[in-house]
Amino acid sequence: MDSRISEVAGQAPPRSRTPLASTVNDALKIVIVGGFGVGKTTMVRAVSEIRPLSTEETMTGAGIGIDDTGGVREKSTTTVAFDFGRISLNEQKVLYLFGAPGQQRFWFLWDRLFAGTLGAVVLVDTRRVADSWYAIDRLEHHGMPFVVARNNFDEPEHTLPQLREALSLSDDVPLVDCDARHRASSKSVLIALVNHLYALSTAQETSP
Amino acid sequence: MIREAIDGENPDRLYTVTGGRSRADENAFDLVTLIVSESDPTPGMQSEHAAILRMCRSPVAVVEVAAELKLPVSVVKILLCDLLDTGRIAARHPSASVGRTPLPHPEILKQVLVGLKNL
Ligand SMILES: Nc1nc2c(ncn2[C@@H]2O[C@H](COP(=O)(O)OP(=O)(O)O)[C@@H](O)[C@H]2O)c(=O)[nH]1
Ligand SMILES: [Mg+2]
């Protein structure tokens, strides 16, 4: 499957340990969020200069939420698995892309994991639109800028304005189509996000 | 592997590794803090510490170290704290996580755009 995707993306599978330049001193983050199977890993793979890697974060503590099972009040442990890739931007900066699950329990960890994230891409599978409601809601709650990308597995049945309606998405959030398997398409989603951030940031600069 | 590494450690440290972490520890490194070795591994060094020093001869983000060692990020952060405390690594923290400003400066975003377009 790996090789098939890589072929679609038009490139040989990158080595996992491609070293960063020694001058790189600042890493930025973008998070791709969405339901299971929506294409998060596929998108990371399409644009990353390394083969996507996965890891997990385990967090223990009262702040994460208490498991009430059996009435025993124990420290609860929450594990979130995510994958990531990276893009070297220039001699100083590197961008890390995280594919993160959109389920409810994951959002407890958002602040601690993704503080300092530039913004998010919400990937939507139109066959399961409801999967993305929660993620959109949480991102708005966290004040995290985002764009929504429809990953088209088949010929889309609805127009983007219809999808916007179904998602109750406000007009100022960009909504785009993509094919997560293709580098150019995934790249344009990231560019849409950064353009959006740029517009927000310049508006902020001029009206303090 | 972790078991082996922490056997014989004092109970406080074991408690730390198994979950009694303070917030301060977790905040010492971001997921994308870049780690750079400041020295070579020495004989008898804990194997994970040695692996980190070899891996980070060029900058490597904390998540990459974790993925490479196949250890949870929280455990890797503890190992990194040891190395940082003894001056064996340097940490290059991301500029964006300082103070959690709502949006990055347009100048930084321009650099990101240029980088992405070159992809
Ligand atoms: N036809 C089609 N298949 C896709 C597309 N994006 C992802 N897939 C496939 O859908 C499956 C799930 O994708 P994956 O990236 O693993 O989803 P994740 O759970 O969000 O990380 C994989 O088998 C992909 O090959 C797409 O745009 N079109
Ligand atoms: Mg995945």
# chains A, B, ... in the order shown; residues from 1 in each chain; ligands from 1
>>> residues_around(residues="region 66-77 of chain B", least_positions_apart="5", cutoff="6 Å", atoms="only C-alpha atoms", output="PyMOL selection string")
chain A and resi 54-57
>>> residues_near_ligand(ligand="ligand 2", cutoff="8 Å", atoms="only C-alpha atoms and all ligand atoms", output="VMD selection string")
chain A and resid 36 to 37 39 to 42 82 to 83 99 to 101
>>> write_last_selection(atoms="N, CA and C atoms", output="mmCIF file, in the first residue's frame")
data_model
loop_
_atom_site.group_PDB
_atom_site.id
_atom_site.type_symbol
_atom_site.label_atom_id
_atom_site.label_comp_id
_atom_site.auth_asym_id
_atom_site.auth_seq_id
_atom_site.Cartn_x
_atom_site.Cartn_y
_atom_site.Cartn_z
ATOM 1 N N PHE A 36 -11.515 8.708 11.445
ATOM 2 C CA PHE A 36 -10.733 7.550 11.040
ATOM 3 C C PHE A 36 -10.925 7.284 9.548
ATOM 4 N N GLY A 37 -9.826 7.099 8.839
ATOM 5 C CA GLY A 37 -9.888 6.715 7.437
ATOM 6 C C GLY A 37 -10.169 7.845 6.467
ATOM 7 N N GLY A 39 -8.143 10.150 5.470
ATOM 8 C CA GLY A 39 -7.000 10.439 4.600
ATOM 9 C C GLY A 39 -5.906 11.298 5.231
ATOM 10 N N LYS A 40 -5.872 11.367 6.540
ATOM 11 C CA LYS A 40 -4.867 12.197 7.222
ATOM 12 C C LYS A 40 -3.448 11.707 6.927
ATOM 13 N N THR A 41 -3.232 10.413 7.137
ATOM 14 C CA THR A 41 -1.898 9.861 6.900
ATOM 15 C C THR A 41 -1.522 9.984 5.430
ATOM 16 N N THR A 42 -2.500 9.778 4.583
ATOM 17 C CA THR A 42 -2.272 9.888 3.135
ATOM 18 C C THR A 42 -1.805 11.287 2.766
ATOM 19 N N PHE A 82 -0.480 9.549 17.062
ATOM 20 C CA PHE A 82 -0.587 10.422 15.901
ATOM 21 C C PHE A 82 0.591 10.175 14.985
ATOM 22 N N ASP A 83 0.422 10.528 13.734
ATOM 23 C CA ASP A 83 1.565 10.414 12.839
ATOM 24 C C ASP A 83 1.958 11.789 12.353
ATOM 25 N N GLY A 99 -0.919 14.360 11.816
ATOM 26 C CA GLY A 99 -2.235 13.796 11.545
ATOM 27 C C GLY A 99 -2.809 13.355 12.872
ATOM 28 N N ALA A 100 -3.901 13.986 13.280
ATOM 29 C CA ALA A 100 -4.415 13.712 14.622
ATOM 30 C C ALA A 100 -5.869 13.268 14.546
ATOM 31 N N PRO A 101 -6.237 12.323 15.409
ATOM 32 C CA PRO A 101 -7.606 11.816 15.398
ATOM 33 C C PRO A 101 -8.594 12.870 15.856
#
>>> interface_residues(of="chain B", to="chain A", cutoff="9 Å", atoms="only C-alpha atoms", output="PyMOL selection string")
chain B and resi 18-21+26-27+30-34+36+56-61+63-64+66-68+70-75+92-107+109-119
>>> residues_around(residues="Thr86 (chain B)", least_positions_apart="6", cutoff="12 Å", atoms="only C-alpha atoms", output="short mmCIF file (atom, residue, chain, number, x, y, z; two decimals) with C-alpha atoms, in the first residue's frame")
data_model
loop_
_atom_site.label_atom_id
_atom_site.label_comp_id
_atom_site.auth_asym_id
_atom_site.auth_seq_id
_atom_site.Cartn_x
_atom_site.Cartn_y
_atom_site.Cartn_z
CA SER B 37 23.89 16.63 20.50
CA GLU B 38 26.62 18.51 22.29
CA SER B 39 28.76 15.43 22.90
CA HIS B 49 20.79 8.17 26.00
CA LEU B 79 15.42 11.00 28.86
CA LEU B 80 15.99 14.38 27.20
#
>>> residues_near_ligand(ligand="ligand 1", cutoff="10 Å", atoms="only C-alpha atoms and all ligand atoms", output="ChimeraX atom specification")
/A:1-2,4-5,8,32-46,82-83,99-102,123-125,150-155,177-182,185-186
>>> select_by_dssp(residues="region 102-205 of chain A", states="helix (DSSP H, G or I)", output="ChimeraX atom specification")
/A:104-114,126-142,160-166,183-205
>>> select_by_dssp(residues="region 104-207 of chain A", states="strand (DSSP E)", output="PyMOL selection string")
chain A and resi 119-124+146-151+175-178
